[in-house]
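Participant: Contents of model_5.cif (mmCIF, C-alpha atoms and all ligand atoms) are below:
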data_protein
#
loop_
_atom_site.label_atom_id
_atom_site.label_comp_id
_atom_site.auth_asym_id
_atom_site.auth_seq_id
_atom_site.Cartn_x
_atom_site.Cartn_y
_atom_site.Cartn_z
CA MET A 1 -26.23 17.74 72.33
CA LYS A 2 -22.84 19.26 71.48
CA LYS A 3 -21.43 15.78 70.97
CA ILE A 4 -24.10 14.91 68.40
CA LEU A 5 -23.32 18.11 66.55
CA HIS A 6 -19.60 17.25 66.51
CA ILE A 7 -20.26 13.75 65.27
CA SER A 8 -22.61 14.90 62.53
CA VAL A 9 -20.14 17.57 61.37
CA ALA A 10 -17.44 14.92 61.24
CA LEU A 11 -19.74 12.57 59.35
CA ILE A 12 -20.71 15.19 56.79
CA ALA A 13 -17.05 16.07 56.27
CA LEU A 14 -16.23 12.39 55.82
CA ILE A 15 -18.99 11.85 53.26
CA ALA A 16 -18.02 15.01 51.43
CA LEU A 17 -14.41 13.86 51.18
CA THR A 18 -14.96 10.20 50.31
CA SER A 19 -17.61 10.94 47.70
CA CYS A 20 -14.90 12.58 45.59
CA ALA A 21 -12.53 9.61 45.81
CA GLY A 22 -12.04 7.34 42.80
CA ASP A 23 -12.52 9.92 40.07
CA THR A 24 -11.86 7.43 37.26
CA LYS A 25 -15.57 6.71 37.11
CA PRO A 26 -18.51 8.99 37.68
CA SER A 27 -20.11 8.02 41.01
CA ILE A 28 -23.65 7.80 39.72
CA GLN A 29 -24.50 6.84 36.17
CA TYR A 30 -28.03 7.29 35.06
CA MET A 31 -28.62 4.58 32.42
CA PRO A 32 -24.96 3.43 32.25
CA ASN A 33 -25.46 1.87 28.81
CA MET A 34 -25.49 5.39 27.48
CA TYR A 35 -21.89 5.81 28.69
CA GLU A 36 -20.45 2.33 28.56
CA PRO A 37 -20.72 0.52 25.24
CA VAL A 38 -22.30 -2.94 25.31
CA GLY A 39 -20.02 -4.14 22.49
CA TYR A 40 -16.26 -4.56 22.83
CA GLU A 41 -14.13 -1.49 22.13
CA THR A 42 -11.81 -1.96 19.15
CA TYR A 43 -8.55 -1.93 21.10
CA GLY A 44 -10.05 -2.69 24.51
CA GLU A 45 -8.78 -5.17 27.08
CA TYR A 46 -11.17 -8.01 27.89
CA GLU A 47 -10.71 -11.29 29.71
CA VAL A 48 -12.44 -13.33 26.99
CA PHE A 49 -9.75 -12.69 24.35
CA PRO A 50 -6.32 -14.28 24.16
CA ASN A 51 -3.84 -11.85 25.82
CA GLN A 52 -6.89 -9.77 26.80
CA GLN A 53 -6.55 -8.07 23.40
CA GLU A 54 -9.72 -7.29 21.47
CA ALA A 55 -7.75 -6.50 18.29
CA LEU A 56 -7.06 -9.96 16.86
CA LEU A 57 -5.04 -11.04 13.87
CA PRO A 58 -7.02 -12.06 10.78
CA VAL A 59 -7.92 -15.75 10.60
CA SER A 60 -5.13 -17.61 8.85
CA GLY A 61 -5.81 -18.02 5.15
CA THR A 62 -7.69 -14.72 5.02
CA VAL A 63 -7.26 -12.89 1.74
CA PRO A 64 -7.47 -9.08 1.73
CA ARG A 65 -9.81 -7.31 -0.67
CA GLY A 66 -8.30 -6.76 -4.10
CA TYR A 67 -5.44 -9.16 -3.35
CA ALA A 68 -4.21 -11.45 -6.09
CA PRO A 69 -1.57 -14.09 -5.34
CA TYR A 70 1.80 -13.51 -7.01
CA GLU A 71 3.71 -16.69 -7.56
CA TYR A 72 7.18 -15.43 -8.43
CA PRO A 73 9.37 -15.26 -5.30
CA ASN A 74 11.59 -12.31 -4.40
CA THR A 75 14.82 -13.99 -5.51
CA THR A 76 17.13 -13.70 -8.50
CA LYS A 77 15.60 -16.90 -9.82
CA GLY A 78 12.09 -15.50 -9.34
CA SER A 79 13.06 -12.29 -11.11
CA ASP A 80 14.61 -14.20 -14.04
CA ALA A 81 11.53 -16.38 -14.35
CA ALA A 82 9.19 -13.34 -14.24
CA LYS A 83 11.28 -11.59 -16.92
CA LYS A 84 11.00 -14.65 -19.13
CA ASP A 85 7.54 -16.08 -18.50
CA LEU A 86 5.27 -13.47 -16.94
CA LYS A 87 3.11 -11.78 -19.55
CA ASN A 88 0.96 -8.67 -19.36
CA PRO A 89 -2.68 -9.83 -19.26
CA LEU A 90 -3.96 -6.35 -20.21
CA LYS A 91 -5.04 -5.39 -23.68
CA VAL A 92 -3.14 -2.47 -25.10
CA THR A 93 -5.76 0.26 -25.13
CA GLN A 94 -5.52 4.02 -25.04
CA LYS A 95 -7.23 3.91 -21.67
CA ASN A 96 -4.59 1.59 -20.21
CA LEU A 97 -1.73 3.55 -21.74
CA ASP A 98 -3.10 6.86 -20.45
CA ALA A 99 -3.67 5.45 -16.97
CA GLY A 100 -0.17 3.94 -17.03
CA LYS A 101 1.37 7.28 -17.95
CA GLU A 102 -0.49 9.07 -15.19
CA LEU A 103 0.50 6.51 -12.56
CA TYR A 104 4.09 6.45 -13.82
CA THR A 105 4.26 10.22 -13.44
CA ILE A 106 3.05 9.91 -9.86
CA TYR A 107 5.16 6.98 -8.67
CA CYS A 108 8.17 6.48 -10.91
CA ALA A 109 9.11 9.69 -12.72
CA VAL A 110 10.79 11.29 -9.66
CA CYS A 111 13.59 8.79 -10.11
CA HIS A 112 13.33 7.36 -13.62
CA GLY A 113 12.40 10.65 -15.33
CA ASP A 114 9.41 11.37 -17.58
CA LYS A 115 11.28 9.80 -20.49
CA GLY A 116 12.49 6.75 -18.58
CA ASP A 117 16.11 7.72 -19.15
CA GLY A 118 16.90 7.50 -15.43
CA ASN A 119 17.21 11.25 -15.08
CA GLY A 120 14.37 12.12 -12.70
CA ILE A 121 14.45 15.03 -10.27
CA LEU A 122 15.88 12.89 -7.45
CA MET A 123 18.71 11.79 -9.73
CA GLN A 124 19.41 15.38 -10.79
CA ARG A 125 19.59 16.41 -7.15
CA GLU A 126 21.75 13.37 -6.39
CA LYS A 127 19.32 12.09 -3.75
CA ILE A 128 19.34 8.64 -5.35
CA LEU A 129 22.07 7.36 -7.59
CA GLY A 130 22.35 4.42 -9.95
CA ILE A 131 18.93 4.79 -11.56
CA PRO A 132 19.14 3.00 -14.89
CA SER A 133 17.69 4.08 -18.20
CA TYR A 134 15.10 1.60 -19.43
CA ALA A 135 17.25 1.31 -22.52
CA ALA A 136 20.43 0.54 -20.55
CA PRO A 137 22.37 -2.16 -22.33
CA GLY A 138 22.70 -5.30 -20.25
CA ARG A 139 19.39 -4.80 -18.49
CA LEU A 140 16.72 -7.12 -19.67
CA ILE A 141 13.58 -5.02 -19.39
CA THR A 142 10.53 -7.12 -20.19
CA GLN A 143 6.90 -6.64 -19.14
CA GLY A 144 7.19 -9.45 -16.60
CA GLY A 145 10.36 -7.90 -15.18
CA VAL A 146 8.79 -4.44 -14.89
CA TYR A 147 5.85 -5.97 -13.00
CA HIS A 148 8.18 -7.99 -10.77
CA VAL A 149 10.29 -4.99 -9.77
CA GLN A 150 7.11 -3.10 -8.83
CA MET A 151 6.05 -6.01 -6.61
CA TYR A 152 9.29 -6.32 -4.67
CA GLY A 153 11.49 -3.31 -5.45
CA LEU A 154 15.20 -3.71 -6.15
CA ASN A 155 18.00 -2.38 -3.91
CA SER A 156 17.32 1.35 -3.45
CA MET A 157 14.03 1.13 -5.35
CA GLY A 158 11.14 0.30 -3.01
CA SER A 159 8.17 -1.97 -3.61
CA TYR A 160 4.99 -0.48 -5.07
CA ALA A 161 2.83 -3.46 -4.13
CA SER A 162 0.97 -1.56 -1.43
CA GLN A 163 0.46 1.70 -3.35
CA THR A 164 -0.81 0.17 -6.58
CA ASN A 165 -3.10 -2.72 -7.45
CA GLU A 166 -2.57 -5.40 -10.06
CA LEU A 167 -4.37 -3.50 -12.81
CA GLU A 168 -2.39 -0.33 -12.13
CA ARG A 169 0.96 -2.16 -12.12
CA TRP A 170 0.23 -3.64 -15.53
CA GLN A 171 -0.88 -0.24 -16.85
CA ILE A 172 2.38 1.29 -15.61
CA THR A 173 4.20 -1.60 -17.27
CA GLN A 174 2.68 -0.77 -20.66
CA HIS A 175 3.85 2.82 -20.32
CA VAL A 176 7.36 1.74 -19.29
CA MET A 177 7.60 -0.53 -22.35
CA ASN A 178 6.65 2.43 -24.56
CA LEU A 179 9.25 4.65 -22.88
CA LYS A 180 11.85 1.98 -23.52
CA ALA A 181 10.75 1.61 -27.16
CA THR A 182 10.93 5.39 -27.64
CA LEU A 183 14.45 5.52 -26.15
CA GLU A 184 15.58 2.64 -28.34
CA GLY A 185 13.67 3.77 -31.43
CA THR A 186 11.77 0.50 -31.71
CA ALA A 187 8.08 -0.22 -32.22
CA LEU A 188 5.60 1.13 -29.68
CA LEU A 189 2.69 -0.75 -28.18
CA VAL A 190 -0.24 0.39 -30.28
CA PRO A 191 -3.76 0.45 -28.84
CA GLU A 192 -6.05 -2.23 -30.18
CA ALA A 193 -9.48 -1.27 -31.40
CA GLU A 194 -10.97 0.42 -28.37
CA GLN A 195 -13.09 -1.81 -26.19
CA GLU A 196 -14.82 -1.00 -22.96
CA SER A 197 -13.03 -3.69 -20.99
CA VAL A 198 -9.53 -2.95 -19.72
CA GLY A 199 -8.72 -6.66 -19.65
CA VAL A 200 -8.08 -7.41 -15.97
CA LYS A 201 -10.70 -6.87 -13.34
CA THR A 202 -9.61 -5.97 -9.87
CA HIS A 203 -11.73 -7.21 -7.03
CA ASN A 204 -12.97 -3.69 -6.28
CA GLU A 205 -14.50 -3.35 -9.69
CA GLN A 206 -16.40 -6.59 -9.57
CA THR A 207 -20.07 -6.28 -8.88
CA HIS A 208 -21.15 -7.90 -5.66
C1 LIG A 301 13.45 6.09 -5.39
C2 LIG A 301 13.76 6.05 -6.78
C3 LIG A 301 12.97 5.10 -7.64
C4 LIG A 301 11.60 5.10 -7.88
C5 LIG A 301 10.57 6.07 -7.32
C6 LIG A 301 11.37 4.02 -8.81
N1 LIG A 301 12.52 3.38 -9.13
FE1 LIG A 301 12.75 1.87 -10.45
N2 LIG A 301 14.72 1.76 -10.02
C7 LIG A 301 15.39 2.58 -9.14
C8 LIG A 301 16.77 2.15 -9.04
C9 LIG A 301 17.84 2.80 -8.18
C10 LIG A 301 16.89 1.02 -9.86
C11 LIG A 301 18.13 0.15 -10.06
C12 LIG A 301 18.15 -0.91 -8.99
C13 LIG A 301 19.36 -1.81 -9.13
O1 LIG A 301 19.53 -2.40 -10.19
O2 LIG A 301 20.07 -1.90 -8.15
C14 LIG A 301 15.59 0.82 -10.47
C15 LIG A 301 15.33 -0.18 -11.40
C16 LIG A 301 14.14 -0.29 -12.10
C17 LIG A 301 13.91 -1.19 -13.19
C18 LIG A 301 14.92 -2.19 -13.78
C19 LIG A 301 14.75 -3.50 -13.08
C20 LIG A 301 15.64 -4.57 -13.62
O3 LIG A 301 15.18 -5.71 -13.67
O4 LIG A 301 16.79 -4.30 -13.96
C21 LIG A 301 12.63 -1.01 -13.61
C22 LIG A 301 11.93 -1.74 -14.74
C23 LIG A 301 12.05 0.01 -12.76
N3 LIG A 301 12.98 0.43 -11.87
C24 LIG A 301 10.75 0.45 -12.85
C25 LIG A 301 10.16 1.34 -11.94
C26 LIG A 301 8.76 1.66 -11.94
C27 LIG A 301 7.74 1.10 -12.90
C28 LIG A 301 8.59 2.55 -10.93
C29 LIG A 301 7.29 3.18 -10.46
C30 LIG A 301 6.24 2.27 -10.05
C31 LIG A 301 9.88 2.81 -10.33
N4 LIG A 301 10.81 2.04 -10.97
C32 LIG A 301 10.11 3.70 -9.30
C33 LIG A 301 14.86 3.66 -8.47
C34 LIG A 301 13.53 4.00 -8.43
#
Can you present the structure in this file as structure tokens?
Ligand code: HEC
Facilitator:
Amino acid sequence: MKKILHISVALIALIALTSCAGDTKPSIQYMPNMYEPVGYETYGEYEVFPNQQEALLPVSGTVPRGYAPYEYPNTTKGSDAAKKDLKNPLKVTQKNLDAGKELYTIYCAVCHGDKGDGNGILMQREKILGIPSYAAPGRLITQGGVYHVQMYGLNSMGSYASQTNELERWQITQHVMNLKATLEGTALLVPEAEQESVGVKTHNEQTH
């Protein structure tokens, strides 16, 4: 009788101890689908995927939303060609000029200054040096060139291709051309008769 008691005490102790083992998973799941997703987790590891990685690269040839191909390469030759041949597809409208000014103030003025004379706050504080005025002699500033430098950056100036879309880069370009004209005392871009269209449609604006 005593022996049975001993054995059962030992058994109960054993069950009590082992039932707590393996605490990575709850021991009993009532309706496990409520806890464990049926679909694959975004960054989960699963046998069915190459390298067991659920997060795959986009299919080759995939084009991101709002992306437009840019055919001028990031080389001196590409830059020269863009300066010469690339034209602003946007109409000059007050809307484009205003948007360009606003975006310029956000992205460019810290270095290039509100007037485009190369005297932005970072230049004044000597954080970045060698920022040119848009009217600097020897620099060929054309609309194509302004767009190109926003795509790729130039030395200590970074690229703005990921912060801005095509439409915005051309709007900024119009404003830069007007800053240059003001510095040089030449003719400004004047808005055409106002039309609703801004000229270029980005993918996001297109109706689906
Ligand atoms: C971090 C400071 C900085 C910011 C911000 C910046 N730039 Fe620049 N930018 C420079 C410097 C420095 C150069 C001169 C690069 C060189 O020639 O080595 C330059 C050069 C240029 C040039 C002359 C390119 C050429 O072909 O000679 C243009 C045009 C220009 N920037 C436009 C812009 C526009 C538009 C923006 C905003 C979208 C902008 N920059 C933002 C620092 C900056």
Participant: When the cut-off is 9 Å and you count all atoms listed in the file, which residues lie near ligand LIG 301 (chain A), shown as an mmCIF file with C-alpha atoms, in the frame of the given file?
Facilitator:
data_model
loop_
_atom_site.group_PDB
_atom_site.id
_atom_site.type_symbol
_atom_site.label_atom_id
_atom_site.label_comp_id
_atom_site.auth_asym_id
_atom_site.auth_seq_id
_atom_site.Cartn_x
_atom_site.Cartn_y
_atom_site.Cartn_z
ATOM 1 C CA SER A 79 13.060 -12.290 -11.110
ATOM 2 C CA ASP A 80 14.610 -14.200 -14.040
ATOM 3 C CA LYS A 83 11.280 -11.590 -16.920
ATOM 4 C CA LEU A 103 0.500 6.510 -12.560
ATOM 5 C CA TYR A 104 4.090 6.450 -13.820
ATOM 6 C CA THR A 105 4.260 10.220 -13.440
ATOM 7 C CA ILE A 106 3.050 9.910 -9.860
ATOM 8 C CA TYR A 107 5.160 6.980 -8.670
ATOM 9 C CA CYS A 108 8.170 6.480 -10.910
ATOM 10 C CA ALA A 109 9.110 9.690 -12.720
ATOM 11 C CA VAL A 110 10.790 11.290 -9.660
ATOM 12 C CA CYS A 111 13.590 8.790 -10.110
ATOM 13 C CA HIS A 112 13.330 7.360 -13.620
ATOM 14 C CA GLY A 116 12.490 6.750 -18.580
ATOM 15 C CA GLY A 118 16.900 7.500 -15.430
ATOM 16 C CA GLY A 120 14.370 12.120 -12.700
ATOM 17 C CA LEU A 122 15.880 12.890 -7.450
ATOM 18 C CA MET A 123 18.710 11.790 -9.730
ATOM 19 C CA LYS A 127 19.320 12.090 -3.750
ATOM 20 C CA ILE A 128 19.340 8.640 -5.350
ATOM 21 C CA LEU A 129 22.070 7.360 -7.590
ATOM 22 C CA GLY A 130 22.350 4.420 -9.950
ATOM 23 C CA ILE A 131 18.930 4.790 -11.560
ATOM 24 C CA PRO A 132 19.140 3.000 -14.890
ATOM 25 C CA SER A 133 17.690 4.080 -18.200
ATOM 26 C CA TYR A 134 15.100 1.600 -19.430
ATOM 27 C CA ALA A 136 20.430 0.540 -20.550
ATOM 28 C CA GLY A 138 22.700 -5.300 -20.250
ATOM 29 C CA ARG A 139 19.390 -4.800 -18.490
ATOM 30 C CA LEU A 140 16.720 -7.120 -19.670
ATOM 31 C CA ILE A 141 13.580 -5.020 -19.390
ATOM 32 C CA THR A 142 10.530 -7.120 -20.190
ATOM 33 C CA GLN A 143 6.900 -6.640 -19.140
ATOM 34 C CA GLY A 145 10.360 -7.900 -15.180
ATOM 35 C CA VAL A 146 8.790 -4.440 -14.890
ATOM 36 C CA TYR A 147 5.850 -5.970 -13.000
ATOM 37 C CA HIS A 148 8.180 -7.990 -10.770
ATOM 38 C CA VAL A 149 10.290 -4.990 -9.770
ATOM 39 C CA GLN A 150 7.110 -3.100 -8.830
ATOM 40 C CA MET A 151 6.050 -6.010 -6.610
ATOM 41 C CA GLY A 153 11.490 -3.310 -5.450
ATOM 42 C CA LEU A 154 15.200 -3.710 -6.150
ATOM 43 C CA ASN A 155 18.000 -2.380 -3.910
ATOM 44 C CA SER A 156 17.320 1.350 -3.450
ATOM 45 C CA MET A 157 14.030 1.130 -5.350
ATOM 46 C CA GLY A 158 11.140 0.300 -3.010
ATOM 47 C CA SER A 159 8.170 -1.970 -3.610
ATOM 48 C CA TYR A 160 4.990 -0.480 -5.070
ATOM 49 C CA ALA A 161 2.830 -3.460 -4.130
ATOM 50 C CA GLN A 163 0.460 1.700 -3.350
ATOM 51 C CA THR A 164 -0.810 0.170 -6.580
ATOM 52 C CA ARG A 169 0.960 -2.160 -12.120
ATOM 53 C CA ILE A 172 2.380 1.290 -15.610
ATOM 54 C CA THR A 173 4.200 -1.600 -17.270
ATOM 55 C CA HIS A 175 3.850 2.820 -20.320
ATOM 56 C CA VAL A 176 7.360 1.740 -19.290
ATOM 57 C CA MET A 177 7.600 -0.530 -22.350
#
Participant: Mind giving me the straight-line distance from atom CA of A:Asp114 to atom CA of A:Leu179 in Å, one decimal?
Facilitator: 8.6 Å
Participant: For A:Gly144, which residue out of A:Ala81, A:Thr93, A:Lys115, A:Val190 is the nearest one, using only C-alpha atoms?
Facilitator: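 Closest to A:Gly144, using only C-alpha atoms: A:Ala81.
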Participant: Choose the residue, out of A:Asn178, A:Asn165, A:Thr75, A:Gln171, that has the smallest atom-to-atom separation from A:Pro89; count only C-alpha atoms.
Facilitator: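 Comparing A:Asn178, A:Asn165, A:Thr75, A:Gln171 against A:Pro89, the winner is A:Gln171.
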Participant: From the list A:Thr182, A:Asn33, A:Glu168, A:Tyr46, which residue is nearest A:Lys101 when using only C-alpha atoms?
Facilitator: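 Ranked by minimum distance to A:Lys101, first place goes to A:Glu168.
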Participant: Rank A:Lys91, A:Leu183, A:Leu86, A:Pro58 by their smallest atom-to-atom distance to A:Tyr70, using only C-alpha atoms, and report the top residue only.
Facilitator: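 Checking each of A:Lys91, A:Leu183, A:Leu86, A:Pro58 against A:Tyr70, counting only C-alpha atoms, the winner is A:Leu86.
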Participant: Please compute the atom CA of A:Ser162-atom CA of A:Glu192 distance, one decimal, in Å.
Facilitator: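 These two atoms are separated by 29.6 Å.
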Participant: To one decimal in Å, tell me the separation between atom CA of A:Pro191 and atom CA of A:Gln174.
Facilitator: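 Distance reported for this atom pair: 10.5 Å.
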Participant: Between A:Ala99, A:Gly61, A:Ile7, A:Val92, which has the minimum distance to A:Leu189 (counting all atoms listed in the file)?
Facilitator: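 Looking at the shortest contact to A:Leu189, the residue is A:Val92.
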